[in-house]
Structure formats: structure tokens, C-alpha cells
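Engineer: Got upload16.txt for you, compact mmCIF, C-alpha atoms:
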```txt
# COMPACT_ATOMS: atom_id res chain seq x y z
CA MET A 1 31.01 53.40 58.51
CA LYS A 2 27.71 54.98 59.51
CA LYS A 3 25.20 56.56 57.16
CA ILE A 4 24.29 60.06 58.33
CA LEU A 5 21.71 62.44 56.90
CA VAL A 6 22.81 66.08 57.15
CA THR A 7 20.11 68.60 56.26
CA GLY A 8 21.25 72.04 55.20
CA SER A 9 24.44 70.47 53.89
CA ALA A 10 25.32 73.46 51.69
CA GLY A 11 24.93 75.78 54.67
CA PHE A 12 27.56 77.23 56.94
CA ILE A 13 27.43 74.58 59.67
CA GLY A 14 26.05 71.76 57.51
CA SER A 15 28.90 71.88 55.02
CA ALA A 16 31.54 71.99 57.76
CA LEU A 17 29.90 69.05 59.53
CA SER A 18 29.67 67.05 56.31
CA LEU A 19 33.41 67.50 55.76
CA ARG A 20 34.17 66.35 59.28
CA LEU A 21 31.94 63.26 59.07
CA LEU A 22 33.47 62.30 55.72
CA ASP A 23 36.97 62.73 57.16
CA GLN A 24 36.17 60.28 59.94
CA GLY A 25 34.93 57.68 57.45
CA ASP A 26 31.15 58.08 57.57
CA GLN A 27 28.81 58.07 54.59
CA VAL A 28 26.93 61.36 54.30
CA ILE A 29 23.68 62.02 52.48
CA GLY A 30 23.25 65.79 52.29
CA ILE A 31 20.10 67.66 51.41
CA ASP A 32 19.67 71.38 50.84
CA ASN A 33 17.10 73.45 48.97
CA HIS A 34 19.66 76.08 47.84
CA ASN A 35 17.17 78.90 48.38
CA ASP A 36 18.04 82.54 47.75
CA TYR A 37 17.76 83.84 51.33
CA TYR A 38 21.38 84.77 50.63
CA ASP A 39 23.65 84.37 47.60
CA PRO A 40 23.34 80.74 46.42
CA ALA A 41 26.84 81.02 44.92
CA LEU A 42 28.30 80.81 48.42
CA LYS A 43 26.34 77.62 49.04
CA GLU A 44 27.68 76.15 45.80
CA ALA A 45 31.23 77.11 46.79
CA ARG A 46 30.88 75.44 50.19
CA LEU A 47 29.37 72.37 48.59
CA ALA A 48 32.21 72.13 46.07
CA ARG A 49 34.51 71.17 48.95
CA HIS A 50 32.84 67.80 49.42
CA ILE A 51 30.32 67.09 46.64
CA ASN A 52 32.78 64.85 44.77
CA HIS A 53 33.79 62.82 47.81
CA PRO A 54 33.04 59.12 47.12
CA ASN A 55 31.06 58.81 50.36
CA TYR A 56 28.94 61.91 49.80
CA THR A 57 25.60 62.14 48.02
CA HIS A 58 23.82 65.45 47.51
CA ILE A 59 20.07 65.92 47.08
CA ARG A 60 18.41 69.25 46.28
CA MET A 61 15.15 69.16 48.14
CA ASN A 62 13.00 70.99 50.67
CA ILE A 63 12.43 69.28 54.00
CA GLU A 64 8.86 70.62 53.66
CA ASP A 65 8.37 68.05 50.87
CA ARG A 66 6.42 65.42 52.80
CA GLU A 67 6.44 62.68 50.16
CA GLY A 68 10.05 63.32 49.17
CA MET A 69 11.23 63.12 52.75
CA ALA A 70 9.26 59.94 53.44
CA THR A 71 10.76 58.29 50.36
CA LEU A 72 14.28 59.41 51.27
CA PHE A 73 14.07 57.90 54.75
CA LYS A 74 12.52 54.67 53.50
CA GLU A 75 15.20 54.15 50.85
CA GLN A 76 18.32 55.18 52.79
CA HIS A 77 18.00 53.65 56.29
CA PHE A 78 20.00 56.28 58.16
CA ASP A 79 21.94 55.50 61.33
CA GLY A 80 21.73 59.12 62.43
CA VAL A 81 20.20 62.41 61.33
CA VAL A 82 21.50 65.93 61.96
CA ASN A 83 19.02 68.69 61.14
CA LEU A 84 20.74 71.96 60.28
CA ALA A 85 18.15 73.03 57.71
CA ALA A 86 16.19 75.97 59.01
CA GLN A 87 15.06 79.40 58.02
CA ALA A 88 17.62 81.42 59.93
CA GLY A 89 17.75 85.01 61.12
CA VAL A 90 15.97 86.80 63.93
CA ARG A 91 15.13 90.03 62.09
CA TYR A 92 13.96 88.28 58.90
CA SER A 93 11.35 86.43 60.99
CA LEU A 94 9.60 89.78 61.46
CA GLU A 95 9.39 90.22 57.69
CA ASN A 96 8.55 86.73 56.47
CA PRO A 97 7.11 84.65 59.33
CA MET A 98 5.61 81.94 57.12
CA ALA A 99 9.06 80.90 55.91
CA TYR A 100 9.81 79.94 59.52
CA ILE A 101 6.52 78.08 59.93
CA ASP A 102 7.10 76.08 56.73
CA THR A 103 10.70 75.04 57.26
CA ASN A 104 11.27 75.16 61.00
CA LEU A 105 7.99 73.55 62.02
CA VAL A 106 6.47 71.64 59.09
CA GLY A 107 9.85 70.47 57.76
CA PHE A 108 10.98 69.55 61.25
CA GLY A 109 7.87 67.42 61.66
CA HIS A 110 8.71 65.51 58.49
CA LEU A 111 12.16 64.71 59.88
CA LEU A 112 10.70 63.43 63.15
CA GLU A 113 8.27 61.24 61.23
CA GLY A 114 11.08 59.89 59.05
CA CYS A 115 13.15 59.02 62.11
CA ARG A 116 10.19 57.45 63.89
CA HIS A 117 9.08 55.18 61.05
CA ASN A 118 12.57 54.09 60.03
CA LYS A 119 14.19 53.40 63.41
CA VAL A 120 16.89 56.07 63.20
CA GLY A 121 19.36 55.66 66.06
CA HIS A 122 19.76 59.34 66.98
CA PHE A 123 18.17 62.59 65.82
CA VAL A 124 20.33 65.65 66.54
CA TYR A 125 19.02 69.09 65.64
CA ALA A 126 20.06 72.72 65.83
CA SER A 127 18.26 74.74 68.44
CA SER A 128 19.49 78.22 69.34
CA SER A 129 20.56 80.50 72.15
CA SER A 130 17.60 82.62 71.02
CA VAL A 131 15.29 80.33 73.02
CA TYR A 132 16.46 82.09 76.19
CA GLY A 133 14.52 85.16 75.06
CA SER A 134 13.60 87.36 78.00
CA ASN A 135 15.74 85.40 80.48
CA THR A 136 18.19 87.69 82.27
CA LYS A 137 19.96 85.28 84.63
CA THR A 138 23.37 84.49 83.20
CA PRO A 139 25.04 82.32 82.22
CA PHE A 140 22.08 80.80 80.38
CA SER A 141 21.50 77.28 81.65
CA ILE A 142 19.65 74.40 79.99
CA HIS A 143 18.08 73.74 83.39
CA ASP A 144 16.28 77.10 83.34
CA ASN A 145 12.78 77.61 81.98
CA VAL A 146 12.70 79.14 78.48
CA ASP A 147 9.07 80.04 77.85
CA HIS A 148 9.44 83.69 76.83
CA PRO A 149 10.90 83.96 73.30
CA VAL A 150 11.16 87.42 71.77
CA SER A 151 11.14 86.46 68.07
CA LEU A 152 9.28 83.95 65.93
CA TYR A 153 12.62 82.38 65.02
CA ALA A 154 13.25 81.68 68.72
CA ALA A 155 9.69 80.38 69.13
CA THR A 156 10.18 77.85 66.33
CA LYS A 157 13.40 76.61 67.93
CA LYS A 158 11.68 76.19 71.29
CA ALA A 159 8.85 74.39 69.47
CA ASN A 160 11.40 72.04 67.91
CA GLU A 161 12.58 71.03 71.38
CA LEU A 162 8.99 70.34 72.46
CA MET A 163 8.16 68.39 69.30
CA ALA A 164 11.30 66.30 69.71
CA HIS A 165 10.42 65.56 73.33
CA THR A 166 7.03 64.24 72.28
CA TYR A 167 8.62 61.80 69.82
CA SER A 168 11.20 60.74 72.39
CA HIS A 169 8.42 60.11 74.91
CA LEU A 170 5.94 58.37 72.61
CA TYR A 171 8.26 56.43 70.31
CA ASP A 172 11.49 56.09 72.33
CA LEU A 173 13.35 58.06 69.65
CA PRO A 174 16.65 59.45 71.01
CA THR A 175 16.72 63.18 70.25
CA THR A 176 19.25 65.87 71.20
CA GLY A 177 18.81 69.60 70.68
CA LEU A 178 21.88 71.82 70.51
CA ARG A 179 21.52 75.46 71.47
CA PHE A 180 24.17 77.14 69.35
CA PHE A 181 25.57 80.48 70.52
CA THR A 182 26.46 82.99 67.74
CA VAL A 183 28.42 80.74 65.39
CA TYR A 184 31.08 82.48 63.28
CA GLY A 185 34.11 81.69 61.15
CA PRO A 186 35.20 81.05 57.56
CA TRP A 187 32.36 80.38 55.10
CA ASP A 188 29.72 81.91 57.36
CA ARG A 189 26.48 83.51 56.14
CA PRO A 190 26.48 86.94 54.45
CA ASP A 191 23.57 88.05 56.66
CA MET A 192 25.58 87.49 59.84
CA ALA A 193 27.33 90.39 61.57
CA LEU A 194 30.88 89.40 60.68
CA GLN A 195 30.30 89.35 56.92
CA LYS A 196 28.01 92.38 57.00
CA PHE A 197 30.60 94.41 58.88
CA THR A 198 33.44 93.26 56.64
CA ARG A 199 31.55 93.91 53.42
CA ARG A 200 30.76 97.49 54.46
CA MET A 201 34.25 98.15 55.79
CA VAL A 202 35.83 97.04 52.51
CA ALA A 203 33.38 99.27 50.60
CA GLY A 204 34.18 102.25 52.83
CA GLU A 205 30.63 102.37 54.20
CA LYS A 206 29.38 102.79 57.76
CA ILE A 207 28.65 99.65 59.74
CA GLN A 208 25.40 99.55 61.70
CA VAL A 209 26.05 98.73 65.34
CA TYR A 210 22.88 97.99 67.27
CA ASN A 211 22.20 98.57 70.95
CA TYR A 212 24.82 101.34 70.65
CA GLY A 213 27.52 98.66 70.73
CA ASN A 214 26.52 97.41 74.17
CA HIS A 215 25.75 93.86 72.99
CA ARG A 216 27.75 91.00 74.45
CA ARG A 217 27.75 87.72 72.59
CA ASP A 218 29.10 84.26 73.35
CA PHE A 219 30.75 83.97 69.92
CA THR A 220 31.44 80.32 69.08
CA TYR A 221 33.86 79.25 66.34
CA ILE A 222 32.61 76.91 63.62
CA ASP A 223 35.16 74.15 64.35
CA ASP A 224 34.15 74.14 68.02
CA ILE A 225 30.50 73.76 67.02
CA VAL A 226 31.26 70.86 64.69
CA GLU A 227 33.35 69.08 67.32
CA GLY A 228 30.43 69.29 69.74
CA VAL A 229 27.94 67.97 67.19
CA VAL A 230 30.16 65.01 66.28
CA ARG A 231 30.68 64.00 69.90
CA ILE A 232 27.00 64.26 70.73
CA LEU A 233 25.82 62.46 67.58
CA ALA A 234 27.97 59.45 68.50
CA ARG A 235 26.17 59.06 71.85
CA PRO A 236 22.37 58.77 71.52
CA ALA A 237 20.39 60.59 74.18
CA GLN A 238 19.25 58.56 77.18
CA GLY A 239 16.53 59.16 79.72
CA ASN A 240 17.38 60.71 83.06
CA PRO A 241 16.40 58.14 85.73
CA ASN A 242 16.41 60.87 88.39
CA TRP A 243 14.00 63.15 86.55
CA ASP A 244 11.21 64.25 88.87
CA GLY A 245 7.88 65.61 87.65
CA ASN A 246 7.43 67.49 90.90
CA GLN A 247 10.66 69.39 90.23
CA PRO A 248 11.02 69.08 86.46
CA ASP A 249 14.46 69.63 84.96
CA SER A 250 14.16 71.62 81.70
CA GLY A 251 17.32 70.08 80.23
CA SER A 252 16.49 66.38 80.47
CA SER A 253 13.59 63.93 80.73
CA LYS A 254 12.66 60.38 81.60
CA ALA A 255 12.46 59.98 77.82
CA PRO A 256 15.66 59.75 75.72
CA TRP A 257 15.68 63.51 75.16
CA ARG A 258 18.37 66.07 75.95
CA VAL A 259 19.35 69.64 75.14
CA TYR A 260 22.81 71.19 75.45
CA ASN A 261 24.36 74.62 75.08
CA ILE A 262 27.32 74.85 72.73
CA GLY A 263 28.92 78.21 73.40
CA ASN A 264 32.34 79.61 74.13
CA ASN A 265 31.36 80.29 77.77
CA HIS A 266 33.09 83.66 77.45
CA PRO A 267 30.93 86.61 76.29
CA VAL A 268 32.70 89.28 74.25
CA ALA A 269 31.56 92.88 73.83
CA LEU A 270 30.43 93.62 70.30
CA LEU A 271 32.82 96.57 70.07
CA ASP A 272 35.73 94.28 70.99
CA TYR A 273 34.58 91.86 68.28
CA ILE A 274 34.61 94.72 65.77
CA GLU A 275 38.06 95.80 66.96
CA ALA A 276 39.38 92.28 66.30
CA LEU A 277 37.91 92.46 62.80
CA GLU A 278 39.48 95.88 62.19
CA LYS A 279 42.91 94.56 63.11
CA SER A 280 42.50 91.39 61.03
CA MET A 281 41.31 93.29 57.93
CA GLY A 282 43.58 96.30 58.41
CA ILE A 283 40.60 98.65 58.04
CA LYS A 284 39.13 101.10 60.55
CA ALA A 285 35.34 100.82 60.80
CA ASP A 286 33.10 103.87 60.58
CA LYS A 287 30.35 103.02 63.08
CA GLU A 288 26.71 104.09 63.08
CA LEU A 289 25.39 103.43 66.59
CA LEU A 290 21.71 102.42 66.63
CA PRO A 291 19.19 101.31 69.29
CA LEU A 292 18.32 97.72 70.17
CA GLN A 293 16.31 96.08 67.40
CA PRO A 294 13.01 94.20 67.87
CA GLY A 295 13.68 90.51 68.53
CA ASP A 296 17.26 91.06 69.72
CA VAL A 297 18.53 90.28 73.21
CA PRO A 298 21.29 92.39 74.79
CA ASP A 299 23.58 89.58 75.96
CA THR A 300 24.16 85.86 75.49
CA TYR A 301 26.31 83.71 77.76
CA ALA A 302 26.34 79.90 77.69
CA ASP A 303 26.58 77.63 80.70
CA VAL A 304 28.32 74.58 79.20
CA ASP A 305 28.82 72.59 82.40
CA ASP A 306 26.71 69.68 81.15
CA LEU A 307 28.66 69.51 77.90
CA VAL A 308 31.93 69.41 79.83
CA ALA A 309 30.70 66.86 82.37
CA GLU A 310 29.09 64.45 79.92
CA PHE A 311 31.32 64.78 76.85
CA ASN A 312 34.57 66.11 78.32
CA TYR A 313 34.37 68.95 75.84
CA LYS A 314 34.28 72.73 75.91
CA PRO A 315 34.63 75.14 72.95
CA SER A 316 38.00 76.86 73.14
CA MET A 317 38.82 79.02 70.10
CA PRO A 318 39.73 82.58 71.21
CA VAL A 319 37.64 85.18 69.40
CA LYS A 320 40.65 87.17 68.16
CA LYS A 321 42.12 84.08 66.49
CA GLY A 322 38.75 82.99 65.13
CA VAL A 323 38.11 86.41 63.59
CA GLU A 324 41.62 86.38 62.12
CA ASN A 325 40.85 83.01 60.49
CA PHE A 326 37.63 84.45 59.08
CA ALA A 327 39.44 87.49 57.67
CA THR A 328 42.04 85.29 55.98
CA TRP A 329 39.27 83.27 54.33
CA TYR A 330 37.27 86.38 53.36
CA LYS A 331 40.22 87.98 51.60
CA LYS A 332 40.98 84.80 49.68
CA TYR A 333 37.37 84.10 48.75
CA HIS A 334 36.81 87.66 47.48
CA GLY A 335 40.26 88.12 45.97
CA ILE A 336 41.25 90.95 48.32
CA THR A 337 45.00 91.59 48.57
```
How does this structure look as C-alpha cells?
Structural biologist:
Amino acid sequence: MKKILVTGSAGFIGSALSLRLLDQGDQVIGIDNHNDYYDPALKEARLARHINHPNYTHIRMNIEDREGMATLFKEQHFDGVVNLAAQAGVRYSLENPMAYIDTNLVGFGHLLEGCRHNKVGHFVYASSSSVYGSNTKTPFSIHDNVDHPVSLYAATKKANELMAHTYSHLYDLPTTGLRFFTVYGPWDRPDMALQKFTRRMVAGEKIQVYNYGNHRRDFTYIDDIVEGVVRILARPAQGNPNWDGNQPDSGSSKAPWRVYNIGNNHPVALLDYIEALEKSMGIKADKELLPLQPGDVPDTYADVDDLVAEFNYKPSMPVKKGVENFATWYKKYHGIT
């Protein structure tokens, strides 16, 4: 049994990961601040799935709490840490930038310090496909430069990768950043497209479709994300002995630092995604086509070759089936017949 800290453990990915780690026999310490960025009742419902498990302990705390985090690390002696606590959302970062500074940068620094001072074996953290920003070469590769973010959210995720590299370099702390590509599925966030569309469709309202429906997204199912995290957590990052400062590889380092894409490697048009939801819910959507929003990118497409080569793993859930699974959960959760 290993003792794993999961931050954001009442969140969409954090709760699913906690369940998986508990199922495989690990001890999980989960922390979450239960903020009201979206309905806290959904967080409580997710948490109810595992809060009474004998190997699970839940702590309500902000990762921005410097003293609280230092005490937690000192008392618990974690084997591994998975950071899924972050202020999420691209568009919200235009409205409330300081929330991203506080959680995604200050809180992230507290986690790095906790790992450094308490000899944690592996620090795994959520990055994002948003770091690719203005990049237009597809599929997006971890070996490409990503220095042109188009939202503060993306900038904080890129900063996380740089901060982690510094700790890997200075303190030999194994760190791995995971660039998630549009995660969806049962229990997802109400501010994400799938729930927003479904909520409006059920209410008979128009759904807002940005970029006139011309978006393509590498939608990645929640179970595929969790499988990738579990495999990567079990194998601490190692330095790349072939790394060359004259031709620097953006995806690795001489230090024990790595980043990986976790995406379906199969972009789907947003209108096709909506069509799958219409069929699964049995409701025809009334669409309001709108222009591209500030901070958005038109397309995402993950190159997962490194994930396949090093972990013999590639996300595989077809979008139509994944959306059907979401719709089944949504109807049950909201009592829709």
C-alpha cells in the first residue's frame, strides 16, 4: 500500500482518481477547498462515493494555506502526490485572474515545497492542452515550444511546468506534468460544454456554440485520463541522458522532469459532439452560433506517441460511447426519465 495525496479530490478528475487508487489498494489523503466556482453539491455527491472508504481521509483546505500544507506534508509522509487542485476555466480567467494566481501559482509552490522537504517519491500534476496556445502545427507535440499562451489559465499551467522543472533540477524531485485534452464524462463540471449544452437542451433553451461550430477538440474520456495518471504515477520521472542544451527537447530534461499529452489522438468536430449528445439525450438542440471567444483556440489534437512508447498506453474511448455514458449519468443524477 502506498500513501498518495490527491488534491482537488472532490473534483471531476480528483474524485475519479481517488476511487481508482483506493480500488487498487492504496491509501488516499484527499484535500479540496469545496469552493463555489460551481455548485458545491456536485462536489459533495462525488465525494460521497469514497469518503467512507477505510483507506480514505478527507481534508477541507486550500492549497494556498502555506502553514496548513507544510504541516500536512510533515505529518503524512506521502509516497506520491497528484495535484488536480486548480482554478479551472479559460473564460473565467478573464474575469477573475487573481483566483488563478492564488491557486495555480501560489498553491502549486506550496506543493513543490512540501514534496521537496519531505522526500516525496513522485509529484504528478495536471497541466493542460491550453499551453499550446498560438501553436498551429498539429498534432500538438510535447517536443514543440509552447511559449505563446492565449489565456492566463494557460499561462499558469505553463508556469507550473517551469516551476516543477526548477525543483527537479535543484532538488532531484521527480515531477511529471500531464497535458489533459478536453476531459469529459459522468460527474464532469457544470461549466464544461457537455453539461452546459445538456442543461440548456433539457430546459428548451438555445445552446451557445462558439466559433460558429468550427471547433475541433480532442475529447478525452475520464476513465482514459485516470488510467494514464495511474500508470505515470507508478513510474517516477527520470532524466533524459540524451538531452542536449544545444538542441533542447521541450518534453524532457537532464533532470527527472517530464511532460506528456493525454488525449484521444482523434479530434472531433464540435457539431459532431453535439449531435452525439442529441442522440443520447433524445433532444434536438437549438443552436446559437457565435464567434470565437477571447482565450479560446480553434482546434486541439494530441500527439500521444511518447505515452504509447513509454507506458504502452493510449486513450481509446470513442466519443459517441463516452457521451452516451455521460447522458446516462446525467439523467440518473437529475432524475430525468
Engineer: For CA of His143 (chain A) and CA of Asp249 (chain A), determine how far apart the two atoms are, in Å to one decimal place.
Structural biologist: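 Separation between CA of His143 (chain A) and CA of Asp249 (chain A): 5.7 Å.
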Engineer: Determine, for each residue of region 304-334 of chain A having at least one atom at most 10 Å from an atom of region 170-190 of chain A, the closest pair of atoms and their separation in Å to one decimal, counting all atoms listed in the file; order by chain and ascending number, as a tab-separated table.
Structural biologist:
```
residue	atom	partner	partner_atom	distance
A:Val319	CA	A:Tyr184	CA	9.4
A:Lys321	CA	A:Gly185	CA	9.9
A:Gly322	CA	A:Gly185	CA	6.2
A:Val323	CA	A:Gly185	CA	6.7
A:Glu324	CA	A:Gly185	CA	8.9
A:Asn325	CA	A:Pro186	CA	6.7
A:Phe326	CA	A:Pro186	CA	4.4
A:Ala327	CA	A:Pro186	CA	7.7
A:Thr328	CA	A:Pro186	CA	8.2
A:Trp329	CA	A:Pro186	CA	5.7
A:Tyr330	CA	A:Pro186	CA	7.1
A:Tyr333	CA	A:Trp187	CA	8.9
```
Engineer: Just to be explicit: take each residue in the selection above, keep C-alpha atoms, and write the result as a short mmCIF file (atom, residue, chain, number, x, y, z; two decimals), in the coordinates of the input.
Structural biologist:
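Final output, saved to part-v4.cif:
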```cif
data_model
loop_
_atom_site.label_atom_id
_atom_site.label_comp_id
_atom_site.auth_asym_id
_atom_site.auth_seq_id
_atom_site.Cartn_x
_atom_site.Cartn_y
_atom_site.Cartn_z
CA VAL A 319 37.64 85.18 69.40
CA LYS A 321 42.12 84.08 66.49
CA GLY A 322 38.75 82.99 65.13
CA VAL A 323 38.11 86.41 63.59
CA GLU A 324 41.62 86.38 62.12
CA ASN A 325 40.85 83.01 60.49
CA PHE A 326 37.63 84.45 59.08
CA ALA A 327 39.44 87.49 57.67
CA THR A 328 42.04 85.29 55.98
CA TRP A 329 39.27 83.27 54.33
CA TYR A 330 37.27 86.38 53.36
CA TYR A 333 37.37 84.10 48.75
#
```
Engineer: Would you mind telling me which residue in A:Leu21, A:Ile336, A:Val82, A:Ile59 lies nearest to His34 (chain A) when using only C-alpha atoms?
Structural biologist: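 Of A:Leu21, A:Ile336, A:Val82, A:Ile59, the one nearest His34 (chain A), counting only C-alpha atoms, is A:Ile59.
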Engineer: Might you pull out every residue within 12 Å of Tyr167 (chain A), with all atoms listed in the file counted and same-chain residues fewer than 5 positions away left off, and present them as a VMD selection string?
Structural biologist: chain A and resid 108 to 117 119 122 to 123 160 to 162 172 to 176 255 to 257
Engineer: At what distance in Å, to one decimal, does CA of Pro318 (chain A) lie from CA of Gly8 (chain A)?
Structural biologist: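 Spanning CA of Gly8 (chain A) to CA of Pro318 (chain A) is a straight-line distance of 26.6 Å.
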Engineer: Mind pulling up the distance from CA of Pro139 (chain A) to CA of Asn240 (chain A)?
Structural biologist: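 Going from CA of Asn240 (chain A) over to CA of Pro139 (chain A), I get 22.9 Å.
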Engineer: Need to verify the contact set: region 15-18 of chain A, 10 Å, all atoms listed in the file, exclusion of same-chain residues closer than 2 positions in sequence. Can you return it as number ranges by chain?
Structural biologist: A: 4-13, 20-23, 26-30, 43, 46-51, 56, 82, 84, 186-187, 222-223, 225-227, 229-230
Engineer: For region 62-71 of chain A, work out the shell of residues within 7 Å, counting all atoms listed in the file and skipping chain neighbours fewer than 5 positions away, then give it as a list in words.
Structural biologist: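 Close residues of region 62-71 of chain A: Asp32, Asn33, Asp102, Thr103, Val106, Gly107, His110 and Gly114 of chain A.
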Engineer: If we count all atoms listed in the file and set the cut-off at 12 Å, which residues sit around Asp305 (chain A), ignoring sequence neighbours fewer than 4 positions away in its own chain? Please answer as a VMD selection string.
Structural biologist: chain A and resid 139 to 143 251 260 to 265 309 to 315
Engineer: For the residues in the current selection, export C-alpha atoms as a PDB file, in the coordinates of the input.
Structural biologist:
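Below is the file that was written, part_24.pdb:
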```pdb
ATOM      1  CA  PRO A 139      25.040  82.320  82.220  1.00  0.00           C
ATOM      2  CA  PHE A 140      22.080  80.800  80.380  1.00  0.00           C
ATOM      3  CA  SER A 141      21.500  77.280  81.650  1.00  0.00           C
ATOM      4  CA  ILE A 142      19.650  74.400  79.990  1.00  0.00           C
ATOM      5  CA  HIS A 143      18.080  73.740  83.390  1.00  0.00           C
ATOM      6  CA  GLY A 251      17.320  70.080  80.230  1.00  0.00           C
ATOM      7  CA  TYR A 260      22.810  71.190  75.450  1.00  0.00           C
ATOM      8  CA  ASN A 261      24.360  74.620  75.080  1.00  0.00           C
ATOM      9  CA  ILE A 262      27.320  74.850  72.730  1.00  0.00           C
ATOM     10  CA  GLY A 263      28.920  78.210  73.400  1.00  0.00           C
ATOM     11  CA  ASN A 264      32.340  79.610  74.130  1.00  0.00           C
ATOM     12  CA  ASN A 265      31.360  80.290  77.770  1.00  0.00           C
ATOM     13  CA  ALA A 309      30.700  66.860  82.370  1.00  0.00           C
ATOM     14  CA  GLU A 310      29.090  64.450  79.920  1.00  0.00           C
ATOM     15  CA  PHE A 311      31.320  64.780  76.850  1.00  0.00           C
ATOM     16  CA  ASN A 312      34.570  66.110  78.320  1.00  0.00           C
ATOM     17  CA  TYR A 313      34.370  68.950  75.840  1.00  0.00           C
ATOM     18  CA  LYS A 314      34.280  72.730  75.910  1.00  0.00           C
ATOM     19  CA  PRO A 315      34.630  75.140  72.950  1.00  0.00           C
TER      20      PRO A 315
END
```
Engineer: For Val120 (chain A), which of A:Ser168, A:Asn52, A:Ser250, A:Gln195 is the closest residue, counting only C-alpha atoms?
Structural biologist: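 Counting only C-alpha atoms, the residue closest to Val120 (chain A) is A:Ser168.
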Engineer: For a quick check of understanding, using only C-alpha atoms, which of A:Gln24, A:Ser280, A:Asn83, A:Thr166 has the smallest distance to Lys254 (chain A)?
Structural biologist: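 Smallest separation from Lys254 (chain A) among the options: A:Thr166.
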Engineer: Please supply region 290-297 of chain A, rebuilt with all heavy atoms, as an mmCIF file, in the frame of the given file.
Structural biologist:
```cif
data_model
loop_
_atom_site.group_PDB
_atom_site.id
_atom_site.type_symbol
_atom_site.label_atom_id
_atom_site.label_comp_id
_atom_site.auth_asym_id
_atom_site.auth_seq_id
_atom_site.Cartn_x
_atom_site.Cartn_y
_atom_site.Cartn_z
ATOM 1 N N LEU A 290 23.169 102.442 66.731
ATOM 2 C CA LEU A 290 21.710 102.420 66.630
ATOM 3 C C LEU A 290 21.105 101.722 67.850
ATOM 4 O O LEU A 290 21.781 100.966 68.551
ATOM 5 C CB LEU A 290 21.297 101.666 65.354
ATOM 6 C CG LEU A 290 21.764 102.294 64.031
ATOM 7 C CD1 LEU A 290 21.535 101.328 62.878
ATOM 8 C CD2 LEU A 290 21.038 103.607 63.775
ATOM 9 N N PRO A 291 19.819 101.942 68.118
ATOM 10 C CA PRO A 291 19.190 101.310 69.290
ATOM 11 C C PRO A 291 18.983 99.816 69.099
ATOM 12 O O PRO A 291 19.138 99.275 68.001
ATOM 13 C CB PRO A 291 17.837 102.044 69.393
ATOM 14 C CG PRO A 291 17.567 102.546 68.015
ATOM 15 C CD PRO A 291 18.907 102.873 67.415
ATOM 16 N N LEU A 292 18.631 99.148 70.182
ATOM 17 C CA LEU A 292 18.320 97.720 70.170
ATOM 18 C C LEU A 292 17.180 97.450 69.200
ATOM 19 O O LEU A 292 16.183 98.164 69.187
ATOM 20 C CB LEU A 292 17.937 97.259 71.583
ATOM 21 C CG LEU A 292 17.712 95.760 71.804
ATOM 22 C CD1 LEU A 292 19.034 95.006 71.705
ATOM 23 C CD2 LEU A 292 17.084 95.525 73.185
ATOM 24 N N GLN A 293 17.328 96.413 68.387
ATOM 25 C CA GLN A 293 16.310 96.080 67.400
ATOM 26 C C GLN A 293 15.280 95.103 67.944
ATOM 27 O O GLN A 293 15.599 94.276 68.815
ATOM 28 C CB GLN A 293 16.989 95.453 66.167
ATOM 29 C CG GLN A 293 17.932 96.399 65.450
ATOM 30 C CD GLN A 293 17.211 97.565 64.821
ATOM 31 O OE1 GLN A 293 16.504 97.403 63.841
ATOM 32 N NE2 GLN A 293 17.374 98.748 65.405
ATOM 33 N N PRO A 294 14.030 95.162 67.439
ATOM 34 C CA PRO A 294 13.010 94.200 67.870
ATOM 35 C C PRO A 294 13.489 92.761 67.645
ATOM 36 O O PRO A 294 14.030 92.429 66.591
ATOM 37 C CB PRO A 294 11.815 94.528 66.969
ATOM 38 C CG PRO A 294 12.009 95.954 66.583
ATOM 39 C CD PRO A 294 13.498 96.131 66.472
ATOM 40 N N GLY A 295 13.280 91.911 68.632
ATOM 41 C CA GLY A 295 13.680 90.510 68.530
ATOM 42 C C GLY A 295 15.067 90.216 69.051
ATOM 43 O O GLY A 295 15.415 89.058 69.282
ATOM 44 N N ASP A 296 15.897 91.256 69.222
ATOM 45 C CA ASP A 296 17.260 91.060 69.720
ATOM 46 C C ASP A 296 17.281 90.966 71.241
ATOM 47 O O ASP A 296 16.422 91.523 71.921
ATOM 48 C CB ASP A 296 18.168 92.213 69.294
ATOM 49 C CG ASP A 296 18.768 92.018 67.912
ATOM 50 O OD1 ASP A 296 18.487 90.971 67.306
ATOM 51 O OD2 ASP A 296 19.485 92.913 67.451
ATOM 52 N N VAL A 297 18.288 90.282 71.770
ATOM 53 C CA VAL A 297 18.530 90.280 73.210
ATOM 54 C C VAL A 297 19.887 90.953 73.452
ATOM 55 O O VAL A 297 20.791 90.852 72.616
ATOM 56 C CB VAL A 297 18.525 88.854 73.798
ATOM 57 C CG1 VAL A 297 17.135 88.226 73.640
ATOM 58 C CG2 VAL A 297 19.574 87.967 73.143
#
```
